[in-house]
Every structure is written in C-alpha cells, then in structure tokens.
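Accompanying notes for the structure given below.
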Amino acid sequence: MNNDPLLSAALKMLLQGEIICSVKSRPLFDFLDDENNRRLVSDSLSQFDRDVRLTHNMDAYVCCYTQIEDPEVKAACKDRFRRIVLDLKPLVEWLCMVMDSSPTGTPIRTGDTLSRVDILKRVEQNQQLCERLSLLAAGRLFNSRSQDAQGQLQQVFNKLTEMNYLKAYGHAGTRYQATGMWSVLYDQLGFIRTHENLDEDDDAEQGSFL
Amino acid sequence: MSAEAIKRLLSGLHRHCDTISDAYLHNQNTISTISDDTDAAVKALLQQRMVWFLDEDEGVRLSSKLVGLLDSAVRSDRQLHGSNNAAVYWRDLGECLADYKKSHSAHDIEMNRSALQECAAKLIEEIGYAISQFGRFIDRGYAYAESAEIRLQQNARTTERAKELVEMMESCDLSDYKRATGSDRVLRALFYRHLPQAIEEALKNLRRILGDLQHLLTKIREELAMAKMLRGLQNAYEKNPGFEPSEPVMINGVAEVFNIAEPLLLPCAPNIYDRRQEVDLANIVMALGISKRKTDNNVAEGRIEIDNVMNQTEEQPEADPLFVASKECITWLQETGGIGCASEFYKLLGLDTPYDSWLYAFLNYIQSMPKDQRALVDIEFDEVIDPIFTGNRTIFDFSVEVMR
C-alpha cells in the first residue's frame, strides 16, 4: 500500500470534485505531471469507476467517469452541461470585458494575476465598460445590488472566487490568480462553439468584410 | 584545364542553374524528374562530370565537387544573411586568415596575426551581443504591441532571425583556421579553445532562447484562438439574446469536456473499537462538551416530570427541514428585498436532501403562501426545452424576487 501523502491528497481532491492546477496546489499538480504518479492515481480512481484527465491546454487535472455508457453517468454529464449553460452568458461577458480592458487584449489564462484595483481604474475610465460591468453584476449569476463600479466589481470577484475560478492572494485582498477552472471552461466553450457552428458566422462576416 | 574548358564549364553551369539549384535545395542533390529541359541539362553536366548516373531508379546525382561548391556558396550566403554584425566579422576573419597565410616577412606576419586576433575577439564579442539581443526579445516578447496579431508577426520574425544566426554559427568551419595557426600559441588558444567555446555556448543559449520563443508563439496563437472563440460566443449572445446552446447528444457516450465526475461523498464513522484511537476520540468528545449538555438536559427533563406530565407522553412532530429552510429563505428575501436563486440557497444551506426535492419543496412553499404575500413574489424559471418531447420543459433552477 502506497502511503505517499501527495497521492492521498490528490485522490481526496479529485474525489471531492475539485480540480488540481498549479494555482490551487502546485505540489499536487507537479505530482500528477509525473507519469508514474498519474498511473497510481488513475489505478486508485478506477476502483470508483473514475479516472483523471488533463484539460486540452494542460493547465488542470479533473476527475472524470470511466463508465460513460452508464445512464447515471450520462445524466450527470447532462446535468453538468445544463449548469454550465446557465452561467455561460455572464462568464463569457466577463471574459470579454477583461479582454477589452486589458492592455494586451488577451483572455484570462491559468496563473494570470488579476488586480481588482487595476481593472476598476480601467473600467472607471471607460463609460462603455462601466455600463457593461453594471449590467453584468446585476445579472443572475453575480446578483449585485451595488450602485457603484467598485462594489459591483467586488461582488463579481467574490462570486468568481466562490466558484473557484479565482484565488485571492496577498494581504490587500485585491489581487487574484486565475485557476485551472478557466481551462476547463475553455474546453467546454470550444465544444459549444463547434457544436453550435459559431465559426461559420464568424468566417462569413470576415469574408464579407474583406 | 584550358581557359576554354573553364568557360565551357561555367557557362554550362549557368545555363542549367535552375535544374542544379532545384536538385541541391529541394531534392537531396538528385535530378529525379527527367523532362526535355532536364534531359539537356543532364547530358551537358554528365559531359562535364558534374553529375553522375548510378541507375534508373535513383536518378542523376550531383557530383560531390559540385555539392561542395554549392555548400560554400550557401554557407557564405547564410553567414551574410545572419542579419547582424557577427556575419560581417566572420567574413572579415576569413580575409584576415587569407592575408596571414600569404604574409612572409616577420613584420607582415605579426601585423596580420594581430588583425586575426582582434577580429576573432570582435567576433566572440559580437556573438555574445547577438545572443543577449535575442534574450531581450524573449523577455519583452513584444508585449508592448497591443495587437496579438502584430506580436505574433514580430515574434515569428525574431524566430526566423534567430534561426538564421544558428545556421550561420553551425556553418562556421574552423578547420582552416586551426591548420593555419601552426605552432603559434596565441592563435592556437584562440581557434582551438576560445572561438569554438564561444560558438558552442552561443548555440546552446540560442537554441534555448529559440525554444522559449517557440513556446511564447504557441501561447500567443492559443490566446488568439481563445479570444476568437470568446468573441464568437459573445456575438451569438448579442445577435440572439435568448441564445442557448443545444444539449449535446449523449447516446453512445458522453462529450469528453463535460465528463467531470461529481463529488464522491464518503461519510465515515469514528472507529470506537480501535484502542489506538481511543484517546484521540475521547479528546474529541470532551471538546464537544456533550456530557455537560446531557447534564443540563437531565435537569430540564426533571423539571418537566414534575410540572407537566402530558409533555412526556405527547410526541412532538418534527418540522420538515425543507419547509423550514424555504420559510427562512422567503423571510430573508422579504426582509432584504433581494433576489435569490434556489440553487444558491441550496448551496448556502448545505441541505442533505437531493437538489430536486429542494426545488419542489421551495416552489411548493411559495405556491402555498397566503394570496397577499404570494402576489409580491416573482419567480423566474431557468429551464430548457426537452429535445425529444418538445412540449416539455425541464426546470433546473429558479430565481425568486420579493417586492417590498
């Protein structure tokens, strides 16, 4: 019997439905990066009809089912899809908003640092971003009652932290690190985009523009 | 070889330069496709012994002398296109070597030796500088460029330049220099040790830098793809505010990206039969203060025995936890005037019952509220249309708003 504390911790986290990424737990992520360790974890999880898999951009490990023909598993995966669909619009809007306010215009990636103060500054300097934030924060997912951008942004960050998309760090409580949950979400967004043929419209638009 | 023969050879090479360069650059020194054009070239070159013919399957191969000539031509071209001063110094070094070899008098030898040393030192310095320049490119990664497309373009250009530098250094042949040094200790140290070391070190660093740059390029490409994906989804929501992705068909299996296992809750009980755990468990029990509460309850129960005998026999019905929870949620909403989601309440309350039961119980409670109170409650359902039974809708969640 292997008594490696890292193995035990990785198994617990995965069985509890948590993801393992470099932001949430660097030692466990490095542990799983080793093929032998991953095999050990995989063997242990197989006792529960589960396995560990990596997201497409290799930023996070998640626990998945192995008996994919099982009706219960199908139901659980459908349920997962439905829950994602519910939060999809505000999350996409938030990602686009951060992209638009970022100087480099790049999407959030695992390990990125987000400063609430910096984002607030940029939002306050741009009326359009301010309105977008206000609409986003008042929506069902973030459900903010605040009238000012600061309170709205605080609520958005709190909710994303609660949903494990962000991890607060530092003493000031204004800096956050993006977790591997974004990587999981991007995989799902990619699937939805392909499934819904959203590329075609995009390309057609570009073609007509050219 | 007479002057006529040299002219004939050179004009022959010139006439068939396209066939030769194509074979050298793209076809591993072989003229494999025989057409009318290449046929004439092959005949002429065979006559000049610039190509040789082994068998029909392998085609016609360029002679090693011609390949050597082309190698040196390409080598100097690569060196010149290293787009930095290192290539220029490398060429100067070649000229210095030629002068050094030609010199006879002690004065000329000494002068050309110094020039050779100086040029080699500058070359070493320039190689180091070129590497540090590329290092700086990597550090910045053109982060100041707002457009990811431009970053990608600039970084790709840097990669090309770095590759050219690698090619230039890989093509540096020091054998001529080593031979020319003779017994000169300084030149021997320069061409046997310092310059090869500098080139080797630079190549090592440059390869590492190139690796980092490739990694950065991959990252930028990924980010571009992700940004495009997000814009695509944003457009979908803008064009159609009610847009809802259709559920993937999961007949033969499940879509991998949604295959994420739900938490596996494994409740366990303390092992009171294990003597080794006895002390720890006793400490936990002590910390809970159960014995103290038990005593307090006994006192209270004793009082009930005397005061109210009826209460001892009458069984108090336990309130339904879902009913209590629903009531608390509505009270909270009435007090705060806020909006709440059934799913969020479920998470916050940490209920043991299945989520579906909670949805039913909460909805039932709202529907059974007194008319005047019910009128103030607004419910918005989160639902999806059943893909098979189109008249049906599945409710996953609902938000509740209480007007004040």
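Residues are referred to by chain and number: the chain letter is A, B, ... according to the order shown in the structure tokens, the number counts from 1 in that chain, and ligands are numbered separately from 1 in the order shown.
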Per residue of chain A within 6 Å of chain B, note the shortest atom pair and the distance in Å to one decimal, counting only C-alpha atoms, and order the rows by chain and increasing residue number, as CSV.
```
residue,atom,partner,partner_atom,distance
A:Leu15,CA,B:Leu264,CA,5.4
A:Gln16,CA,B:Pro263,CA,4.3
A:Gly17,CA,B:Pro263,CA,4.2
A:Cys63,CA,B:Ala261,CA,5.5
A:Cys64,CA,B:Ile260,CA,4.5
A:Tyr65,CA,B:Ala261,CA,5.6
A:Ile68,CA,B:Gly253,CA,5.1
A:Glu69,CA,B:Gly253,CA,5.4
A:Cys77,CA,B:Phe258,CA,5.6
A:Thr104,CA,B:Glu146,CA,5.0
A:Pro107,CA,B:Ala227,CA,6.0
A:Gln188,CA,B:Val257,CA,5.5
```
(message) Among stretch 31-151 of chain A, which residues does DSSP mark as alpha helix (DSSP H) when it is run on the backbone? Keep the chain and numbering as in the structure and answer as a PyMOL selection string.
(response) chain A and resi 31-33+35-46+71-101+116-124+127-138+149-151
Shell around B:Ile109 at 12 Å using only C-alpha atoms, local window under 5 positions removed, as a PDB file with all heavy atoms, in the first residue's frame:
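As a result, around16.pdb now contains:
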```
ATOM      1  N   CYS B  96      41.229  38.050 -43.051  1.00  0.00           N
ATOM      2  CA  CYS B  96      42.438  38.178 -42.219  1.00  0.00           C
ATOM      3  C   CYS B  96      43.278  36.900 -42.309  1.00  0.00           C
ATOM      4  O   CYS B  96      44.508  36.948 -42.360  1.00  0.00           O
ATOM      5  CB  CYS B  96      42.080  38.428 -40.759  1.00  0.00           C
ATOM      6  SG  CYS B  96      41.467  40.065 -40.466  1.00  0.00           S
ATOM      7  N   LEU B  97      42.561  35.768 -42.313  1.00  0.00           N
ATOM      8  CA  LEU B  97      43.265  34.489 -42.388  1.00  0.00           C
ATOM      9  C   LEU B  97      44.017  34.376 -43.720  1.00  0.00           C
ATOM     10  O   LEU B  97      45.178  33.938 -43.751  1.00  0.00           O
ATOM     11  CB  LEU B  97      42.282  33.326 -42.237  1.00  0.00           C
ATOM     12  CG  LEU B  97      42.910  31.936 -42.305  1.00  0.00           C
ATOM     13  CD1 LEU B  97      43.660  31.626 -41.019  1.00  0.00           C
ATOM     14  CD2 LEU B  97      41.867  30.861 -42.556  1.00  0.00           C
ATOM     15  N   ALA B  98      43.330  34.796 -44.791  1.00  0.00           N
ATOM     16  CA  ALA B  98      43.958  34.728 -46.123  1.00  0.00           C
ATOM     17  C   ALA B  98      45.217  35.599 -46.140  1.00  0.00           C
ATOM     18  O   ALA B  98      46.273  35.172 -46.654  1.00  0.00           O
ATOM     19  CB  ALA B  98      42.962  35.184 -47.179  1.00  0.00           C
ATOM     20  N   ASP B  99      45.115  36.799 -45.562  1.00  0.00           N
ATOM     21  CA  ASP B  99      46.274  37.706 -45.514  1.00  0.00           C
ATOM     22  C   ASP B  99      47.399  37.093 -44.680  1.00  0.00           C
ATOM     23  O   ASP B  99      48.574  37.179 -45.024  1.00  0.00           O
ATOM     24  CB  ASP B  99      45.872  39.058 -44.908  1.00  0.00           C
ATOM     25  CG  ASP B  99      44.966  39.831 -45.850  1.00  0.00           C
ATOM     26  OD1 ASP B  99      44.897  39.457 -47.035  1.00  0.00           O
ATOM     27  OD2 ASP B  99      44.295  40.775 -45.371  1.00  0.00           O
ATOM     28  N   TYR B 100      47.022  36.485 -43.564  1.00  0.00           N
ATOM     29  CA  TYR B 100      48.003  35.877 -42.656  1.00  0.00           C
ATOM     30  C   TYR B 100      48.771  34.756 -43.352  1.00  0.00           C
ATOM     31  O   TYR B 100      49.977  34.627 -43.218  1.00  0.00           O
ATOM     32  CB  TYR B 100      47.270  35.354 -41.423  1.00  0.00           C
ATOM     33  CG  TYR B 100      48.156  34.662 -40.408  1.00  0.00           C
ATOM     34  CD1 TYR B 100      49.032  35.400 -39.602  1.00  0.00           C
ATOM     35  CD2 TYR B 100      48.123  33.282 -40.255  1.00  0.00           C
ATOM     36  CE1 TYR B 100      49.839  34.771 -38.670  1.00  0.00           C
ATOM     37  CE2 TYR B 100      48.918  32.638 -39.335  1.00  0.00           C
ATOM     38  CZ  TYR B 100      49.781  33.393 -38.539  1.00  0.00           C
ATOM     39  OH  TYR B 100      50.579  32.770 -37.627  1.00  0.00           O
ATOM     40  N   LYS B 101      48.004  33.975 -44.139  1.00  0.00           N
ATOM     41  CA  LYS B 101      48.632  32.847 -44.848  1.00  0.00           C
ATOM     42  C   LYS B 101      49.621  33.353 -45.909  1.00  0.00           C
ATOM     43  O   LYS B 101      50.657  32.741 -46.144  1.00  0.00           O
ATOM     44  CB  LYS B 101      47.549  32.005 -45.542  1.00  0.00           C
ATOM     45  CG  LYS B 101      46.876  30.982 -44.654  1.00  0.00           C
ATOM     46  CD  LYS B 101      45.865  30.283 -45.520  1.00  0.00           C
ATOM     47  CE  LYS B 101      45.076  29.236 -44.828  1.00  0.00           C
ATOM     48  NZ  LYS B 101      44.001  28.745 -45.683  1.00  0.00           N
ATOM     49  N   LYS B 102      49.255  34.473 -46.531  1.00  0.00           N
ATOM     50  CA  LYS B 102      50.080  34.993 -47.627  1.00  0.00           C
ATOM     51  C   LYS B 102      51.339  35.699 -47.119  1.00  0.00           C
ATOM     52  O   LYS B 102      52.322  35.813 -47.831  1.00  0.00           O
ATOM     53  CB  LYS B 102      49.258  35.989 -48.463  1.00  0.00           C
ATOM     54  CG  LYS B 102      48.379  35.299 -49.510  1.00  0.00           C
ATOM     55  CD  LYS B 102      47.755  36.302 -50.441  1.00  0.00           C
ATOM     56  CE  LYS B 102      46.468  36.850 -49.863  1.00  0.00           C
ATOM     57  NZ  LYS B 102      45.814  37.861 -50.647  1.00  0.00           N
ATOM     58  N   SER B 103      51.301  36.213 -45.879  1.00  0.00           N
ATOM     59  CA  SER B 103      52.405  37.052 -45.393  1.00  0.00           C
ATOM     60  C   SER B 103      53.685  36.221 -45.199  1.00  0.00           C
ATOM     61  O   SER B 103      53.631  35.066 -44.750  1.00  0.00           O
ATOM     62  CB  SER B 103      52.014  37.746 -44.102  1.00  0.00           C
ATOM     63  OG  SER B 103      51.523  36.813 -43.204  1.00  0.00           O
ATOM     64  N   HIS B 104      54.831  36.846 -45.542  1.00  0.00           N
ATOM     65  CA  HIS B 104      56.126  36.159 -45.442  1.00  0.00           C
ATOM     66  C   HIS B 104      57.061  36.840 -44.451  1.00  0.00           C
ATOM     67  O   HIS B 104      57.667  36.172 -43.622  1.00  0.00           O
ATOM     68  CB  HIS B 104      56.803  36.090 -46.824  1.00  0.00           C
ATOM     69  CG  HIS B 104      55.998  35.290 -47.806  1.00  0.00           C
ATOM     70  ND1 HIS B 104      55.817  33.932 -47.671  1.00  0.00           N
ATOM     71  CD2 HIS B 104      55.314  35.653 -48.915  1.00  0.00           C
ATOM     72  CE1 HIS B 104      55.051  33.495 -48.655  1.00  0.00           C
ATOM     73  NE2 HIS B 104      54.733  34.534 -49.424  1.00  0.00           N
ATOM     74  N   SER B 114      47.972  39.994 -35.431  1.00  0.00           N
ATOM     75  CA  SER B 114      47.232  40.901 -34.538  1.00  0.00           C
ATOM     76  C   SER B 114      45.837  41.156 -35.090  1.00  0.00           C
ATOM     77  O   SER B 114      44.843  41.179 -34.332  1.00  0.00           O
ATOM     78  CB  SER B 114      47.945  42.242 -34.398  1.00  0.00           C
ATOM     79  OG  SER B 114      49.231  42.055 -33.936  1.00  0.00           O
ATOM     80  N   ALA B 115      45.775  41.357 -36.421  1.00  0.00           N
ATOM     81  CA  ALA B 115      44.468  41.620 -37.049  1.00  0.00           C
ATOM     82  C   ALA B 115      43.541  40.419 -36.866  1.00  0.00           C
ATOM     83  O   ALA B 115      42.346  40.559 -36.570  1.00  0.00           O
ATOM     84  CB  ALA B 115      44.658  41.915 -38.531  1.00  0.00           C
ATOM     85  N   LEU B 116      44.123  39.228 -37.027  1.00  0.00           N
ATOM     86  CA  LEU B 116      43.353  37.990 -36.872  1.00  0.00           C
ATOM     87  C   LEU B 116      42.817  37.867 -35.435  1.00  0.00           C
ATOM     88  O   LEU B 116      41.646  37.551 -35.212  1.00  0.00           O
ATOM     89  CB  LEU B 116      44.271  36.801 -37.194  1.00  0.00           C
ATOM     90  CG  LEU B 116      43.645  35.500 -37.649  1.00  0.00           C
ATOM     91  CD1 LEU B 116      42.772  35.700 -38.872  1.00  0.00           C
ATOM     92  CD2 LEU B 116      44.743  34.477 -37.972  1.00  0.00           C
ATOM     93  N   ALA B 180      45.991  26.803 -40.003  1.00  0.00           N
ATOM     94  CA  ALA B 180      46.861  27.958 -40.249  1.00  0.00           C
ATOM     95  C   ALA B 180      47.600  28.430 -39.004  1.00  0.00           C
ATOM     96  O   ALA B 180      48.579  29.160 -39.099  1.00  0.00           O
ATOM     97  CB  ALA B 180      46.040  29.102 -40.819  1.00  0.00           C
ATOM     98  N   THR B 181      47.117  28.027 -37.840  1.00  0.00           N
ATOM     99  CA  THR B 181      47.731  28.545 -36.606  1.00  0.00           C
ATOM    100  C   THR B 181      49.160  28.033 -36.414  1.00  0.00           C
ATOM    101  O   THR B 181      49.982  28.716 -35.805  1.00  0.00           O
ATOM    102  CB  THR B 181      46.918  28.136 -35.360  1.00  0.00           C
ATOM    103  OG1 THR B 181      46.740  26.727 -35.409  1.00  0.00           O
ATOM    104  CG2 THR B 181      45.582  28.838 -35.326  1.00  0.00           C
ATOM    105  N   ASP B 184      51.775  28.714 -33.304  1.00  0.00           N
ATOM    106  CA  ASP B 184      51.515  29.981 -32.606  1.00  0.00           C
ATOM    107  C   ASP B 184      50.550  29.725 -31.436  1.00  0.00           C
ATOM    108  O   ASP B 184      49.380  29.373 -31.635  1.00  0.00           O
ATOM    109  CB  ASP B 184      50.895  30.973 -33.600  1.00  0.00           C
ATOM    110  CG  ASP B 184      50.805  32.373 -33.019  1.00  0.00           C
ATOM    111  OD1 ASP B 184      50.346  32.510 -31.862  1.00  0.00           O
ATOM    112  OD2 ASP B 184      51.206  33.303 -33.720  1.00  0.00           O
TER     113      ASP B 184
END
```
(message) So that I can check the surroundings of B:Thr353, please list as an MDAnalysis selection string every protein, DNA and RNA residue that reaches within 10 Å of it, counting only C-alpha atoms and ignoring chain neighbours fewer than 5 positions away.
(response) chainID B and resid 321:322 346 358
Preceding selection exported with all heavy atoms as a PDB file, in the first residue's frame:
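again.pdb, freshly written:
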```
ATOM      1  N   PRO B 321     -37.467  19.822   7.445  1.00  0.00           N
ATOM      2  CA  PRO B 321     -36.330  20.747   7.266  1.00  0.00           C
ATOM      3  C   PRO B 321     -36.426  21.565   5.972  1.00  0.00           C
ATOM      4  O   PRO B 321     -36.011  22.714   5.930  1.00  0.00           O
ATOM      5  CB  PRO B 321     -35.113  19.815   7.222  1.00  0.00           C
ATOM      6  CG  PRO B 321     -35.641  18.453   7.009  1.00  0.00           C
ATOM      7  CD  PRO B 321     -37.033  18.430   7.530  1.00  0.00           C
ATOM      8  N   LEU B 322     -37.039  20.979   4.934  1.00  0.00           N
ATOM      9  CA  LEU B 322     -37.160  21.720   3.674  1.00  0.00           C
ATOM     10  C   LEU B 322     -38.168  22.859   3.809  1.00  0.00           C
ATOM     11  O   LEU B 322     -37.980  23.948   3.256  1.00  0.00           O
ATOM     12  CB  LEU B 322     -37.572  20.785   2.526  1.00  0.00           C
ATOM     13  CG  LEU B 322     -36.541  19.731   2.133  1.00  0.00           C
ATOM     14  CD1 LEU B 322     -37.058  18.875   0.997  1.00  0.00           C
ATOM     15  CD2 LEU B 322     -35.236  20.392   1.723  1.00  0.00           C
ATOM     16  N   TYR B 346     -29.653  26.488  -1.899  1.00  0.00           N
ATOM     17  CA  TYR B 346     -29.354  25.071  -1.639  1.00  0.00           C
ATOM     18  C   TYR B 346     -27.894  24.910  -1.187  1.00  0.00           C
ATOM     19  O   TYR B 346     -27.597  24.231  -0.225  1.00  0.00           O
ATOM     20  CB  TYR B 346     -29.616  24.269  -2.919  1.00  0.00           C
ATOM     21  CG  TYR B 346     -29.383  22.779  -2.785  1.00  0.00           C
ATOM     22  CD1 TYR B 346     -30.269  21.979  -2.063  1.00  0.00           C
ATOM     23  CD2 TYR B 346     -28.295  22.168  -3.382  1.00  0.00           C
ATOM     24  CE1 TYR B 346     -30.072  20.613  -1.946  1.00  0.00           C
ATOM     25  CE2 TYR B 346     -28.080  20.800  -3.269  1.00  0.00           C
ATOM     26  CZ  TYR B 346     -28.980  20.033  -2.544  1.00  0.00           C
ATOM     27  OH  TYR B 346     -28.761  18.693  -2.421  1.00  0.00           O
ATOM     28  N   TRP B 358     -35.441  19.696  -3.074  1.00  0.00           N
ATOM     29  CA  TRP B 358     -35.398  21.075  -2.579  1.00  0.00           C
ATOM     30  C   TRP B 358     -36.154  22.014  -3.525  1.00  0.00           C
ATOM     31  O   TRP B 358     -36.944  22.855  -3.084  1.00  0.00           O
ATOM     32  CB  TRP B 358     -33.933  21.515  -2.414  1.00  0.00           C
ATOM     33  CG  TRP B 358     -33.740  23.012  -2.382  1.00  0.00           C
ATOM     34  CD1 TRP B 358     -33.083  23.768  -3.268  1.00  0.00           C
ATOM     35  CD2 TRP B 358     -34.232  23.944  -1.394  1.00  0.00           C
ATOM     36  NE1 TRP B 358     -33.122  25.090  -2.932  1.00  0.00           N
ATOM     37  CE2 TRP B 358     -33.826  25.233  -1.769  1.00  0.00           C
ATOM     38  CE3 TRP B 358     -35.000  23.799  -0.232  1.00  0.00           C
ATOM     39  CZ2 TRP B 358     -34.129  26.379  -1.051  1.00  0.00           C
ATOM     40  CZ3 TRP B 358     -35.311  24.952   0.503  1.00  0.00           C
ATOM     41  CH2 TRP B 358     -34.869  26.216   0.101  1.00  0.00           C
TER      42      TRP B 358
END
```
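The gap separating atom CA of B:Val51 from atom CA of B:Lys65 is 9.4 Å, in Å to one decimal.
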(request) Taking the DSSP assignment computed from this structure's backbone, write out as a ChimeraX atom specification all residues of stretch 19-104 of chain A that belong to strand (DSSP E or B). (result) /A:20-21,50-54,60-65
(request) Select, from A:Arg122, A:Arg39, A:Lys12, A:His171, the residue with the minimum atom-to-atom distance to A:Ala149, counting only C-alpha atoms. (result) A:Arg122
(message) Can you tell me which residues surround stretch 210-212 of chain B at a distance of at most 9 Å, considering only C-alpha atoms, apart from same-chain residues fewer than 5 positions away, and format the answer as number ranges by chain?
(response) B: 134, 138, 159, 162-163, 205, 217
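Atom pair atom CA of A:Leu32 / atom CA of A:Glu18: separated by 14.1 Å.
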(message) Please determine, counting only C-alpha atoms, which residue among B:Ser35, B:Leu216, B:Ala156, B:Ala120 has the shortest atom-to-atom distance to B:Pro196.
(response) B:Ala120
(message) I'd like the neighbourhood of B:Phe53 as a ChimeraX atom specification, where a residue qualifies if any of its atoms comes within 12 Å (using only C-alpha atoms), though same-chain residues fewer than 4 positions away should be ignored.
(response) /B:30-32,42-43,45-47,49,57-63
The selected residues should be written to file as a PDB file, in the first residue's frame (atoms: N, CA, C and O atoms).
```pdb
ATOM      1  N   THR B  30      19.623  15.368 -56.148  1.00  0.00           N
ATOM      2  CA  THR B  30      19.263  14.420 -57.211  1.00  0.00           C
ATOM      3  C   THR B  30      18.363  15.087 -58.251  1.00  0.00           C
ATOM      4  O   THR B  30      17.421  15.802 -57.886  1.00  0.00           O
ATOM      5  N   ILE B  31      18.672  14.830 -59.517  1.00  0.00           N
ATOM      6  CA  ILE B  31      17.771  15.294 -60.586  1.00  0.00           C
ATOM      7  C   ILE B  31      16.897  14.083 -60.915  1.00  0.00           C
ATOM      8  O   ILE B  31      17.328  13.157 -61.603  1.00  0.00           O
ATOM      9  N   SER B  32      15.708  14.081 -60.367  1.00  0.00           N
ATOM     10  CA  SER B  32      14.906  12.857 -60.486  1.00  0.00           C
ATOM     11  C   SER B  32      13.906  12.933 -61.628  1.00  0.00           C
ATOM     12  O   SER B  32      13.678  11.943 -62.325  1.00  0.00           O
ATOM     13  N   VAL B  42      21.145  17.260 -68.028  1.00  0.00           N
ATOM     14  CA  VAL B  42      21.830  16.044 -67.579  1.00  0.00           C
ATOM     15  C   VAL B  42      22.938  15.661 -68.568  1.00  0.00           C
ATOM     16  O   VAL B  42      24.067  15.354 -68.173  1.00  0.00           O
ATOM     17  N   LYS B  43      22.609  15.726 -69.861  1.00  0.00           N
ATOM     18  CA  LYS B  43      23.614  15.363 -70.875  1.00  0.00           C
ATOM     19  C   LYS B  43      24.845  16.265 -70.776  1.00  0.00           C
ATOM     20  O   LYS B  43      25.996  15.804 -70.774  1.00  0.00           O
ATOM     21  N   LEU B  45      25.827  18.183 -68.238  1.00  0.00           N
ATOM     22  CA  LEU B  45      26.535  18.052 -66.951  1.00  0.00           C
ATOM     23  C   LEU B  45      27.296  16.725 -66.855  1.00  0.00           C
ATOM     24  O   LEU B  45      28.348  16.651 -66.219  1.00  0.00           O
ATOM     25  N   LEU B  46      26.723  15.680 -67.475  1.00  0.00           N
ATOM     26  CA  LEU B  46      27.430  14.392 -67.494  1.00  0.00           C
ATOM     27  C   LEU B  46      28.752  14.544 -68.254  1.00  0.00           C
ATOM     28  O   LEU B  46      29.790  14.005 -67.854  1.00  0.00           O
ATOM     29  N   GLN B  47      28.691  15.325 -69.332  1.00  0.00           N
ATOM     30  CA  GLN B  47      29.888  15.562 -70.136  1.00  0.00           C
ATOM     31  C   GLN B  47      30.957  16.300 -69.321  1.00  0.00           C
ATOM     32  O   GLN B  47      32.145  16.013 -69.442  1.00  0.00           O
ATOM     33  N   ARG B  49      31.213  16.077 -66.156  1.00  0.00           N
ATOM     34  CA  ARG B  49      31.402  15.248 -64.953  1.00  0.00           C
ATOM     35  C   ARG B  49      30.947  15.988 -63.680  1.00  0.00           C
ATOM     36  O   ARG B  49      31.561  15.897 -62.625  1.00  0.00           O
ATOM     37  N   ASP B  57      16.527   3.977 -61.241  1.00  0.00           N
ATOM     38  CA  ASP B  57      15.639   4.220 -60.098  1.00  0.00           C
ATOM     39  C   ASP B  57      16.080   5.419 -59.267  1.00  0.00           C
ATOM     40  O   ASP B  57      15.262   6.156 -58.730  1.00  0.00           O
ATOM     41  N   GLU B  58      17.375   5.569 -59.141  1.00  0.00           N
ATOM     42  CA  GLU B  58      17.879   6.628 -58.246  1.00  0.00           C
ATOM     43  C   GLU B  58      18.004   7.988 -58.920  1.00  0.00           C
ATOM     44  O   GLU B  58      18.174   8.998 -58.252  1.00  0.00           O
ATOM     45  N   GLY B  59      17.948   8.024 -60.229  1.00  0.00           N
ATOM     46  CA  GLY B  59      18.073   9.296 -60.944  1.00  0.00           C
ATOM     47  C   GLY B  59      19.529   9.725 -61.036  1.00  0.00           C
ATOM     48  O   GLY B  59      20.452   8.953 -60.772  1.00  0.00           O
ATOM     49  N   VAL B  60      19.702  10.993 -61.377  1.00  0.00           N
ATOM     50  CA  VAL B  60      21.048  11.534 -61.589  1.00  0.00           C
ATOM     51  C   VAL B  60      21.438  12.364 -60.374  1.00  0.00           C
ATOM     52  O   VAL B  60      20.670  13.207 -59.920  1.00  0.00           O
ATOM     53  N   ARG B  61      22.665  12.108 -59.870  1.00  0.00           N
ATOM     54  CA  ARG B  61      23.088  12.807 -58.657  1.00  0.00           C
ATOM     55  C   ARG B  61      24.165  13.835 -58.990  1.00  0.00           C
ATOM     56  O   ARG B  61      25.002  13.614 -59.870  1.00  0.00           O
ATOM     57  N   LEU B  62      24.116  14.960 -58.261  1.00  0.00           N
ATOM     58  CA  LEU B  62      25.147  15.991 -58.440  1.00  0.00           C
ATOM     59  C   LEU B  62      26.461  15.443 -57.893  1.00  0.00           C
ATOM     60  O   LEU B  62      26.471  14.719 -56.885  1.00  0.00           O
ATOM     61  N   SER B  63      27.579  15.802 -58.550  1.00  0.00           N
ATOM     62  CA  SER B  63      28.870  15.287 -58.068  1.00  0.00           C
ATOM     63  C   SER B  63      29.240  15.955 -56.744  1.00  0.00           C
ATOM     64  O   SER B  63      28.766  17.061 -56.438  1.00  0.00           O
TER      65      SER B  63
END
```
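Neighbouring residues of A:Ser146 at 12 Å or closer, counting only C-alpha atoms and skipping chain neighbours under 2 positions away, are A:Leu133, A:Ser134, A:Leu135, A:Leu136, A:Ala137, A:Ala138, A:Gly139, A:Phe142, A:Asn143, A:Ser144, A:Asp148, A:Ala149, A:Gln150, A:Gly151, A:Gln152, A:Leu153, A:Gln154, A:Gln155, A:Val156, B:Gly338.
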